[in-house]
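Report on the structure given below.
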Amino acid sequence: MRLLTRLLEPKTVAHAHCDLPCGVYDPAQARIEAESVKAIAEKYQQNTDHDYRTRCLIIKEQRAELVKHHLWVLWTDYFKPPHFEKYPNLNQLFNDPAVADQLLGKIEEISKIFWETKQA
């Protein structure tokens with residue numbers, strides 16, 4: 001049994017700072033969806049038709065869910081304890097309930113931090 005264990009034991013141990021190979025994460029996905037949320041909110045305000053506004057709300061909520069999803073992936077899969085230690089405001093950027101313009105600003109900050117950490 002020991003021989004089998006030794007034969008099946010990994011010869012090399014790999015360590016990664018994220019759950020997937022680098023190059024798959026990008027805050028731009030969240031930004032694009034957040035821009036859609038803002039544009040839909042503007043269209044909603046400009047129109048008084050009940051059915052149109054209902055459709056706006058449905059689509060806006062779908063886009064907002066995608067924003068949440070993309071940020072969640074960055075927060076839970078990409079950023080690790082060393083990032084949170086270096087950028088103590090990172091958790092607050094993810095958890096601040098902001099309006100669309102504030103959200104876009106925060107995503108831009110996250111994007112800058114993301115790209116800076118990719119250089120390390």
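Letters A, B, ... mark the chains of the structure tokens in the order given; residue numbers begin at 1 per chain; ligand numbers begin at 1, in order shown.
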
- [ ] For segment 90-94 of chain A, work out the shell of residues within 7 Å, counting only C-alpha atoms and skipping chain neighbours fewer than 3 positions away, then give it as a PyMOL selection string.
- [x] chain A and resi 84+87+106

- [ ] Using only C-alpha atoms, determine which residues lie at most 12 Å from Cys56 of chain A, disregarding the query and same-chain residues fewer than 6 positions distant; provide the list as a PyMOL selection string.
- [x] chain A and resi 36-50+62-64

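Relative to atom CA of Pro27 of chain A, atom CA of Leu104 of chain A is found at 10.6 Å.
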
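Picture a line from atom CA of Thr54 of chain A to atom CA of Gln29 of chain A; it runs 24.9 Å.
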
Task: Minimum-distance residue to Trp75 of chain A, chosen among A:Ile110, A:Leu3, A:Val24, A:Ile32 (using only C-alpha atoms) - done: A:Ile110

Open item on the list: Taking only C-alpha atoms into account, name the residue in A:Glu35, A:Ala28, A:Ile58, A:Ala100 that is nearest to Leu74 of chain A.
Closed with: A:Ala28

TODO: Pick out the residues sitting within 12 Å of Lys86 of chain A, and hand them over as a list in words; count only C-alpha atoms, and ignore anything fewer than 5 positions along from it in its own chain.
DONE: Phe79, Lys80, Pro81, Asn91, Ile113, Glu116 and Thr117 of chain A

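Across the model, the gap from atom CA of Glu61 of chain A to atom CA of Glu109 of chain A is 23.2 Å.
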
Per DSSP on the backbone, filter chain A down to the residues in helix (DSSP H, G or I) and report them as a PDB file with N, CA and C atoms, in the first residue's frame.
ATOM      1  N   ARG A   2       1.974   1.216   0.729  1.00  0.00           N
ATOM      2  CA  ARG A   2       2.870   2.370   0.770  1.00  0.00           C
ATOM      3  C   ARG A   2       3.445   2.671  -0.603  1.00  0.00           C
ATOM      4  N   LEU A   3       3.762   1.621  -1.354  1.00  0.00           N
ATOM      5  CA  LEU A   3       4.298   1.813  -2.692  1.00  0.00           C
ATOM      6  C   LEU A   3       3.261   2.493  -3.577  1.00  0.00           C
ATOM      7  N   LEU A   4       2.017   2.076  -3.494  1.00  0.00           N
ATOM      8  CA  LEU A   4       0.945   2.677  -4.275  1.00  0.00           C
ATOM      9  C   LEU A   4       0.751   4.145  -3.881  1.00  0.00           C
ATOM     10  N   THR A   5       0.781   4.430  -2.592  1.00  0.00           N
ATOM     11  CA  THR A   5       0.642   5.808  -2.110  1.00  0.00           C
ATOM     12  C   THR A   5       1.768   6.672  -2.648  1.00  0.00           C
ATOM     13  N   ARG A   6       2.991   6.148  -2.604  1.00  0.00           N
ATOM     14  CA  ARG A   6       4.133   6.907  -3.110  1.00  0.00           C
ATOM     15  C   ARG A   6       4.047   7.129  -4.618  1.00  0.00           C
ATOM     16  N   LEU A   7       3.541   6.136  -5.349  1.00  0.00           N
ATOM     17  CA  LEU A   7       3.416   6.274  -6.788  1.00  0.00           C
ATOM     18  C   LEU A   7       2.353   7.296  -7.182  1.00  0.00           C
ATOM     19  N   LEU A   8       1.277   7.369  -6.396  1.00  0.00           N
ATOM     20  CA  LEU A   8       0.185   8.290  -6.708  1.00  0.00           C
ATOM     21  C   LEU A   8       0.364   9.678  -6.109  1.00  0.00           C
ATOM     22  N   ALA A  28     -13.559  44.630 -15.942  1.00  0.00           N
ATOM     23  CA  ALA A  28     -14.319  45.273 -17.021  1.00  0.00           C
ATOM     24  C   ALA A  28     -15.707  44.665 -17.172  1.00  0.00           C
ATOM     25  N   GLN A  29     -15.843  43.377 -16.875  1.00  0.00           N
ATOM     26  CA  GLN A  29     -17.159  42.736 -16.977  1.00  0.00           C
ATOM     27  C   GLN A  29     -18.154  43.410 -16.039  1.00  0.00           C
ATOM     28  N   ALA A  30     -17.745  43.664 -14.828  1.00  0.00           N
ATOM     29  CA  ALA A  30     -18.616  44.335 -13.853  1.00  0.00           C
ATOM     30  C   ALA A  30     -18.899  45.768 -14.290  1.00  0.00           C
ATOM     31  N   ARG A  31     -17.895  46.449 -14.809  1.00  0.00           N
ATOM     32  CA  ARG A  31     -18.068  47.838 -15.241  1.00  0.00           C
ATOM     33  C   ARG A  31     -19.078  47.938 -16.376  1.00  0.00           C
ATOM     34  N   ILE A  32     -18.963  47.062 -17.359  1.00  0.00           N
ATOM     35  CA  ILE A  32     -19.887  47.099 -18.497  1.00  0.00           C
ATOM     36  C   ILE A  32     -21.322  46.884 -18.033  1.00  0.00           C
ATOM     37  N   GLU A  33     -21.526  45.922 -17.164  1.00  0.00           N
ATOM     38  CA  GLU A  33     -22.882  45.665 -16.662  1.00  0.00           C
ATOM     39  C   GLU A  33     -23.378  46.837 -15.816  1.00  0.00           C
ATOM     40  N   ALA A  34     -22.500  47.439 -15.025  1.00  0.00           N
ATOM     41  CA  ALA A  34     -22.895  48.598 -14.210  1.00  0.00           C
ATOM     42  C   ALA A  34     -23.264  49.783 -15.100  1.00  0.00           C
ATOM     43  N   GLU A  35     -22.546  49.954 -16.204  1.00  0.00           N
ATOM     44  CA  GLU A  35     -22.906  51.015 -17.144  1.00  0.00           C
ATOM     45  C   GLU A  35     -24.290  50.752 -17.741  1.00  0.00           C
ATOM     46  N   SER A  36     -24.609  49.492 -17.983  1.00  0.00           N
ATOM     47  CA  SER A  36     -25.945  49.141 -18.472  1.00  0.00           C
ATOM     48  C   SER A  36     -27.006  49.478 -17.435  1.00  0.00           C
ATOM     49  N   VAL A  37     -26.732  49.182 -16.174  1.00  0.00           N
ATOM     50  CA  VAL A  37     -27.677  49.500 -15.094  1.00  0.00           C
ATOM     51  C   VAL A  37     -27.945  51.005 -15.076  1.00  0.00           C
ATOM     52  N   LYS A  38     -26.900  51.794 -15.176  1.00  0.00           N
ATOM     53  CA  LYS A  38     -27.057  53.252 -15.158  1.00  0.00           C
ATOM     54  C   LYS A  38     -27.870  53.723 -16.371  1.00  0.00           C
ATOM     55  N   ALA A  39     -27.548  53.210 -17.561  1.00  0.00           N
ATOM     56  CA  ALA A  39     -28.254  53.621 -18.771  1.00  0.00           C
ATOM     57  C   ALA A  39     -29.733  53.242 -18.705  1.00  0.00           C
ATOM     58  N   ILE A  40     -30.016  52.073 -18.184  1.00  0.00           N
ATOM     59  CA  ILE A  40     -31.410  51.644 -18.055  1.00  0.00           C
ATOM     60  C   ILE A  40     -32.144  52.534 -17.052  1.00  0.00           C
ATOM     61  N   ALA A  41     -31.489  52.874 -15.949  1.00  0.00           N
ATOM     62  CA  ALA A  41     -32.117  53.756 -14.959  1.00  0.00           C
ATOM     63  C   ALA A  41     -32.435  55.114 -15.572  1.00  0.00           C
ATOM     64  N   GLU A  42     -31.544  55.606 -16.427  1.00  0.00           N
ATOM     65  CA  GLU A  42     -31.795  56.884 -17.110  1.00  0.00           C
ATOM     66  C   GLU A  42     -32.983  56.769 -18.062  1.00  0.00           C
ATOM     67  N   LYS A  43     -33.050  55.677 -18.828  1.00  0.00           N
ATOM     68  CA  LYS A  43     -34.169  55.459 -19.747  1.00  0.00           C
ATOM     69  C   LYS A  43     -35.484  55.330 -18.974  1.00  0.00           C
ATOM     70  N   TYR A  44     -35.435  54.676 -17.835  1.00  0.00           N
ATOM     71  CA  TYR A  44     -36.612  54.528 -16.985  1.00  0.00           C
ATOM     72  C   TYR A  44     -37.144  55.902 -16.578  1.00  0.00           C
ATOM     73  N   GLN A  45     -36.238  56.784 -16.159  1.00  0.00           N
ATOM     74  CA  GLN A  45     -36.629  58.124 -15.716  1.00  0.00           C
ATOM     75  C   GLN A  45     -37.201  58.968 -16.851  1.00  0.00           C
ATOM     76  N   GLN A  46     -36.796  58.694 -18.073  1.00  0.00           N
ATOM     77  CA  GLN A  46     -37.211  59.497 -19.223  1.00  0.00           C
ATOM     78  C   GLN A  46     -38.537  59.039 -19.842  1.00  0.00           C
ATOM     79  N   HIS A  50     -46.007  52.612 -18.459  1.00  0.00           N
ATOM     80  CA  HIS A  50     -45.935  51.596 -17.403  1.00  0.00           C
ATOM     81  C   HIS A  50     -45.237  50.317 -17.882  1.00  0.00           C
ATOM     82  N   ASP A  51     -45.619  49.816 -19.043  1.00  0.00           N
ATOM     83  CA  ASP A  51     -45.027  48.571 -19.546  1.00  0.00           C
ATOM     84  C   ASP A  51     -43.541  48.737 -19.848  1.00  0.00           C
ATOM     85  N   TYR A  52     -43.185  49.869 -20.436  1.00  0.00           N
ATOM     86  CA  TYR A  52     -41.771  50.153 -20.728  1.00  0.00           C
ATOM     87  C   TYR A  52     -40.961  50.195 -19.430  1.00  0.00           C
ATOM     88  N   ARG A  53     -41.497  50.871 -18.441  1.00  0.00           N
ATOM     89  CA  ARG A  53     -40.792  50.999 -17.164  1.00  0.00           C
ATOM     90  C   ARG A  53     -40.652  49.638 -16.477  1.00  0.00           C
ATOM     91  N   THR A  54     -41.675  48.805 -16.593  1.00  0.00           N
ATOM     92  CA  THR A  54     -41.597  47.461 -16.010  1.00  0.00           C
ATOM     93  C   THR A  54     -40.486  46.664 -16.670  1.00  0.00           C
ATOM     94  N   ARG A  55     -40.418  46.749 -17.997  1.00  0.00           N
ATOM     95  CA  ARG A  55     -39.339  46.053 -18.719  1.00  0.00           C
ATOM     96  C   ARG A  55     -37.972  46.599 -18.304  1.00  0.00           C
ATOM     97  N   CYS A  56     -37.869  47.905 -18.142  1.00  0.00           N
ATOM     98  CA  CYS A  56     -36.613  48.515 -17.674  1.00  0.00           C
ATOM     99  C   CYS A  56     -36.199  47.919 -16.327  1.00  0.00           C
ATOM    100  N   LEU A  57     -37.149  47.832 -15.411  1.00  0.00           N
ATOM    101  CA  LEU A  57     -36.834  47.302 -14.078  1.00  0.00           C
ATOM    102  C   LEU A  57     -36.352  45.859 -14.139  1.00  0.00           C
ATOM    103  N   ILE A  58     -37.017  45.060 -14.953  1.00  0.00           N
ATOM    104  CA  ILE A  58     -36.631  43.648 -15.075  1.00  0.00           C
ATOM    105  C   ILE A  58     -35.216  43.530 -15.636  1.00  0.00           C
ATOM    106  N   ILE A  59     -34.941  44.248 -16.722  1.00  0.00           N
ATOM    107  CA  ILE A  59     -33.621  44.174 -17.345  1.00  0.00           C
ATOM    108  C   ILE A  59     -32.555  44.761 -16.432  1.00  0.00           C
ATOM    109  N   LYS A  60     -32.879  45.867 -15.770  1.00  0.00           N
ATOM    110  CA  LYS A  60     -31.914  46.495 -14.851  1.00  0.00           C
ATOM    111  C   LYS A  60     -31.533  45.522 -13.728  1.00  0.00           C
ATOM    112  N   GLU A  61     -32.509  44.831 -13.200  1.00  0.00           N
ATOM    113  CA  GLU A  61     -32.223  43.871 -12.120  1.00  0.00           C
ATOM    114  C   GLU A  61     -31.375  42.710 -12.623  1.00  0.00           C
ATOM    115  N   GLN A  62     -31.616  42.252 -13.839  1.00  0.00           N
ATOM    116  CA  GLN A  62     -30.788  41.188 -14.406  1.00  0.00           C
ATOM    117  C   GLN A  62     -29.344  41.657 -14.556  1.00  0.00           C
ATOM    118  N   ARG A  63     -29.163  42.871 -15.066  1.00  0.00           N
ATOM    119  CA  ARG A  63     -27.811  43.423 -15.232  1.00  0.00           C
ATOM    120  C   ARG A  63     -27.139  43.631 -13.872  1.00  0.00           C
ATOM    121  N   ALA A  64     -27.917  44.089 -12.885  1.00  0.00           N
ATOM    122  CA  ALA A  64     -27.368  44.300 -11.538  1.00  0.00           C
ATOM    123  C   ALA A  64     -26.902  42.978 -10.936  1.00  0.00           C
ATOM    124  N   GLU A  65     -27.637  41.910 -11.205  1.00  0.00           N
ATOM    125  CA  GLU A  65     -27.210  40.581 -10.732  1.00  0.00           C
ATOM    126  C   GLU A  65     -25.880  40.184 -11.364  1.00  0.00           C
ATOM    127  N   LEU A  66     -25.695  40.526 -12.632  1.00  0.00           N
ATOM    128  CA  LEU A  66     -24.422  40.227 -13.290  1.00  0.00           C
ATOM    129  C   LEU A  66     -23.282  41.051 -12.688  1.00  0.00           C
ATOM    130  N   VAL A  67     -23.561  42.315 -12.354  1.00  0.00           N
ATOM    131  CA  VAL A  67     -22.545  43.128 -11.669  1.00  0.00           C
ATOM    132  C   VAL A  67     -22.149  42.431 -10.372  1.00  0.00           C
ATOM    133  N   LYS A  68     -23.149  42.066  -9.605  1.00  0.00           N
ATOM    134  CA  LYS A  68     -22.899  41.398  -8.325  1.00  0.00           C
ATOM    135  C   LYS A  68     -22.099  40.116  -8.533  1.00  0.00           C
ATOM    136  N   HIS A  69     -22.462  39.346  -9.534  1.00  0.00           N
ATOM    137  CA  HIS A  69     -21.758  38.093  -9.814  1.00  0.00           C
ATOM    138  C   HIS A  69     -20.282  38.343 -10.148  1.00  0.00           C
ATOM    139  N   HIS A  70     -20.027  39.283 -11.056  1.00  0.00           N
ATOM    140  CA  HIS A  70     -18.642  39.535 -11.469  1.00  0.00           C
ATOM    141  C   HIS A  70     -17.798  40.071 -10.313  1.00  0.00           C
ATOM    142  N   LEU A  71     -18.382  40.934  -9.479  1.00  0.00           N
ATOM    143  CA  LEU A  71     -17.640  41.431  -8.313  1.00  0.00           C
ATOM    144  C   LEU A  71     -17.423  40.315  -7.302  1.00  0.00           C
ATOM    145  N   TRP A  72     -18.415  39.463  -7.125  1.00  0.00           N
ATOM    146  CA  TRP A  72     -18.295  38.327  -6.194  1.00  0.00           C
ATOM    147  C   TRP A  72     -17.150  37.407  -6.622  1.00  0.00           C
ATOM    148  N   VAL A  73     -17.043  37.153  -7.912  1.00  0.00           N
ATOM    149  CA  VAL A  73     -15.968  36.306  -8.417  1.00  0.00           C
ATOM    150  C   VAL A  73     -14.603  36.931  -8.107  1.00  0.00           C
ATOM    151  N   LEU A  74     -14.467  38.236  -8.344  1.00  0.00           N
ATOM    152  CA  LEU A  74     -13.200  38.904  -8.011  1.00  0.00           C
ATOM    153  C   LEU A  74     -12.926  38.827  -6.515  1.00  0.00           C
ATOM    154  N   TRP A  75     -13.964  39.127  -5.719  1.00  0.00           N
ATOM    155  CA  TRP A  75     -13.805  39.195  -4.265  1.00  0.00           C
ATOM    156  C   TRP A  75     -13.462  37.836  -3.676  1.00  0.00           C
ATOM    157  N   THR A  76     -14.091  36.780  -4.167  1.00  0.00           N
ATOM    158  CA  THR A  76     -13.901  35.464  -3.547  1.00  0.00           C
ATOM    159  C   THR A  76     -12.863  34.597  -4.237  1.00  0.00           C
ATOM    160  N   ASP A  77     -12.660  34.783  -5.548  1.00  0.00           N
ATOM    161  CA  ASP A  77     -11.727  33.920  -6.268  1.00  0.00           C
ATOM    162  C   ASP A  77     -10.378  34.568  -6.538  1.00  0.00           C
ATOM    163  N   TYR A  78     -10.393  35.847  -6.868  1.00  0.00           N
ATOM    164  CA  TYR A  78      -9.124  36.483  -7.240  1.00  0.00           C
ATOM    165  C   TYR A  78      -8.389  37.079  -6.039  1.00  0.00           C
ATOM    166  N   PRO A  81      -5.863  37.120   0.930  1.00  0.00           N
ATOM    167  CA  PRO A  81      -5.477  37.893   2.117  1.00  0.00           C
ATOM    168  C   PRO A  81      -4.364  38.916   1.902  1.00  0.00           C
ATOM    169  N   PRO A  82      -3.301  38.610   1.155  1.00  0.00           N
ATOM    170  CA  PRO A  82      -2.272  39.643   0.960  1.00  0.00           C
ATOM    171  C   PRO A  82      -2.809  40.905   0.273  1.00  0.00           C
ATOM    172  N   HIS A  83      -3.762  40.734  -0.654  1.00  0.00           N
ATOM    173  CA  HIS A  83      -4.354  41.895  -1.317  1.00  0.00           C
ATOM    174  C   HIS A  83      -5.152  42.733  -0.322  1.00  0.00           C
ATOM    175  N   PHE A  84      -5.927  42.051   0.537  1.00  0.00           N
ATOM    176  CA  PHE A  84      -6.739  42.769   1.521  1.00  0.00           C
ATOM    177  C   PHE A  84      -5.865  43.447   2.572  1.00  0.00           C
ATOM    178  N   GLU A  85      -4.702  42.870   2.854  1.00  0.00           N
ATOM    179  CA  GLU A  85      -3.772  43.508   3.796  1.00  0.00           C
ATOM    180  C   GLU A  85      -3.158  44.759   3.164  1.00  0.00           C
ATOM    181  N   LYS A  86      -2.782  44.666   1.904  1.00  0.00           N
ATOM    182  CA  LYS A  86      -2.152  45.799   1.229  1.00  0.00           C
ATOM    183  C   LYS A  86      -3.158  46.912   0.952  1.00  0.00           C
ATOM    184  N   LEU A  90     -10.361  47.549   0.494  1.00  0.00           N
ATOM    185  CA  LEU A  90     -10.891  46.673  -0.549  1.00  0.00           C
ATOM    186  C   LEU A  90     -12.230  46.049  -0.153  1.00  0.00           C
ATOM    187  N   ASN A  91     -12.353  45.551   1.082  1.00  0.00           N
ATOM    188  CA  ASN A  91     -13.633  44.990   1.537  1.00  0.00           C
ATOM    189  C   ASN A  91     -14.738  46.040   1.495  1.00  0.00           C
ATOM    190  N   GLN A  92     -14.430  47.257   1.898  1.00  0.00           N
ATOM    191  CA  GLN A  92     -15.439  48.322   1.885  1.00  0.00           C
ATOM    192  C   GLN A  92     -15.878  48.662   0.465  1.00  0.00           C
ATOM    193  N   LEU A  93     -14.962  48.580  -0.502  1.00  0.00           N
ATOM    194  CA  LEU A  93     -15.326  48.847  -1.895  1.00  0.00           C
ATOM    195  C   LEU A  93     -16.357  47.837  -2.390  1.00  0.00           C
ATOM    196  N   PHE A  94     -16.242  46.606  -1.937  1.00  0.00           N
ATOM    197  CA  PHE A  94     -17.166  45.564  -2.358  1.00  0.00           C
ATOM    198  C   PHE A  94     -18.502  45.634  -1.621  1.00  0.00           C
ATOM    199  N   ASN A  95     -18.529  46.205  -0.428  1.00  0.00           N
ATOM    200  CA  ASN A  95     -19.721  46.126   0.422  1.00  0.00           C
ATOM    201  C   ASN A  95     -20.483  47.430   0.608  1.00  0.00           C
ATOM    202  N   ALA A 100     -25.450  54.134  -8.893  1.00  0.00           N
ATOM    203  CA  ALA A 100     -24.746  53.667 -10.092  1.00  0.00           C
ATOM    204  C   ALA A 100     -23.427  54.393 -10.335  1.00  0.00           C
ATOM    205  N   ASP A 101     -23.377  55.719 -10.237  1.00  0.00           N
ATOM    206  CA  ASP A 101     -22.126  56.437 -10.478  1.00  0.00           C
ATOM    207  C   ASP A 101     -21.068  56.083  -9.438  1.00  0.00           C
ATOM    208  N   GLN A 102     -21.473  55.948  -8.195  1.00  0.00           N
ATOM    209  CA  GLN A 102     -20.524  55.560  -7.150  1.00  0.00           C
ATOM    210  C   GLN A 102     -20.020  54.148  -7.399  1.00  0.00           C
ATOM    211  N   LEU A 103     -20.917  53.253  -7.817  1.00  0.00           N
ATOM    212  CA  LEU A 103     -20.522  51.879  -8.112  1.00  0.00           C
ATOM    213  C   LEU A 103     -19.493  51.841  -9.230  1.00  0.00           C
ATOM    214  N   LEU A 104     -19.727  52.614 -10.281  1.00  0.00           N
ATOM    215  CA  LEU A 104     -18.757  52.657 -11.377  1.00  0.00           C
ATOM    216  C   LEU A 104     -17.398  53.160 -10.899  1.00  0.00           C
ATOM    217  N   GLY A 105     -17.399  54.155 -10.032  1.00  0.00           N
ATOM    218  CA  GLY A 105     -16.146  54.661  -9.478  1.00  0.00           C
ATOM    219  C   GLY A 105     -15.419  53.611  -8.660  1.00  0.00           C
ATOM    220  N   LYS A 106     -16.164  52.855  -7.892  1.00  0.00           N
ATOM    221  CA  LYS A 106     -15.558  51.805  -7.070  1.00  0.00           C
ATOM    222  C   LYS A 106     -15.010  50.672  -7.939  1.00  0.00           C
ATOM    223  N   ILE A 107     -15.743  50.326  -8.978  1.00  0.00           N
ATOM    224  CA  ILE A 107     -15.255  49.290  -9.891  1.00  0.00           C
ATOM    225  C   ILE A 107     -13.964  49.758 -10.553  1.00  0.00           C
ATOM    226  N   GLU A 108     -13.877  51.037 -10.888  1.00  0.00           N
ATOM    227  CA  GLU A 108     -12.647  51.567 -11.473  1.00  0.00           C
ATOM    228  C   GLU A 108     -11.483  51.439 -10.491  1.00  0.00           C
ATOM    229  N   GLU A 109     -11.745  51.734  -9.210  1.00  0.00           N
ATOM    230  CA  GLU A 109     -10.695  51.567  -8.194  1.00  0.00           C
ATOM    231  C   GLU A 109     -10.280  50.101  -8.082  1.00  0.00           C
ATOM    232  N   ILE A 110     -11.268  49.206  -8.076  1.00  0.00           N
ATOM    233  CA  ILE A 110     -10.979  47.774  -8.014  1.00  0.00           C
ATOM    234  C   ILE A 110     -10.160  47.360  -9.232  1.00  0.00           C
ATOM    235  N   SER A 111     -10.531  47.909 -10.395  1.00  0.00           N
ATOM    236  CA  SER A 111      -9.815  47.590 -11.625  1.00  0.00           C
ATOM    237  C   SER A 111      -8.350  48.014 -11.530  1.00  0.00           C
ATOM    238  N   LYS A 112      -8.094  49.211 -11.013  1.00  0.00           N
ATOM    239  CA  LYS A 112      -6.710  49.684 -10.874  1.00  0.00           C
ATOM    240  C   LYS A 112      -5.917  48.769  -9.946  1.00  0.00           C
ATOM    241  N   ILE A 113      -6.533  48.391  -8.816  1.00  0.00           N
ATOM    242  CA  ILE A 113      -5.862  47.487  -7.874  1.00  0.00           C
ATOM    243  C   ILE A 113      -5.630  46.136  -8.533  1.00  0.00           C
ATOM    244  N   PHE A 114      -6.650  45.636  -9.233  1.00  0.00           N
ATOM    245  CA  PHE A 114      -6.538  44.351  -9.935  1.00  0.00           C
ATOM    246  C   PHE A 114      -5.336  44.361 -10.866  1.00  0.00           C
ATOM    247  N   TRP A 115      -5.254  45.392 -11.730  1.00  0.00           N
ATOM    248  CA  TRP A 115      -4.165  45.424 -12.710  1.00  0.00           C
ATOM    249  C   TRP A 115      -2.810  45.644 -12.049  1.00  0.00           C
ATOM    250  N   GLU A 116      -2.787  46.371 -10.925  1.00  0.00           N
ATOM    251  CA  GLU A 116      -1.525  46.540 -10.198  1.00  0.00           C
ATOM    252  C   GLU A 116      -1.070  45.212  -9.622  1.00  0.00           C
ATOM    253  N   THR A 117      -2.007  44.425  -9.084  1.00  0.00           N
ATOM    254  CA  THR A 117      -1.626  43.123  -8.515  1.00  0.00           C
ATOM    255  C   THR A 117      -1.222  42.132  -9.593  1.00  0.00           C
ATOM    256  N   LYS A 118      -1.726  42.319 -10.812  1.00  0.00           N
ATOM    257  CA  LYS A 118      -1.340  41.426 -11.905  1.00  0.00           C
ATOM    258  C   LYS A 118       0.112  41.657 -12.285  1.00  0.00           C
ATOM    259  N   GLN A 119       0.666  42.822 -11.977  1.00  0.00           N
ATOM    260  CA  GLN A 119       2.049  43.134 -12.302  1.00  0.00           C
ATOM    261  C   GLN A 119       3.028  42.485 -11.323  1.00  0.00           C
TER     262      GLN A 119
END
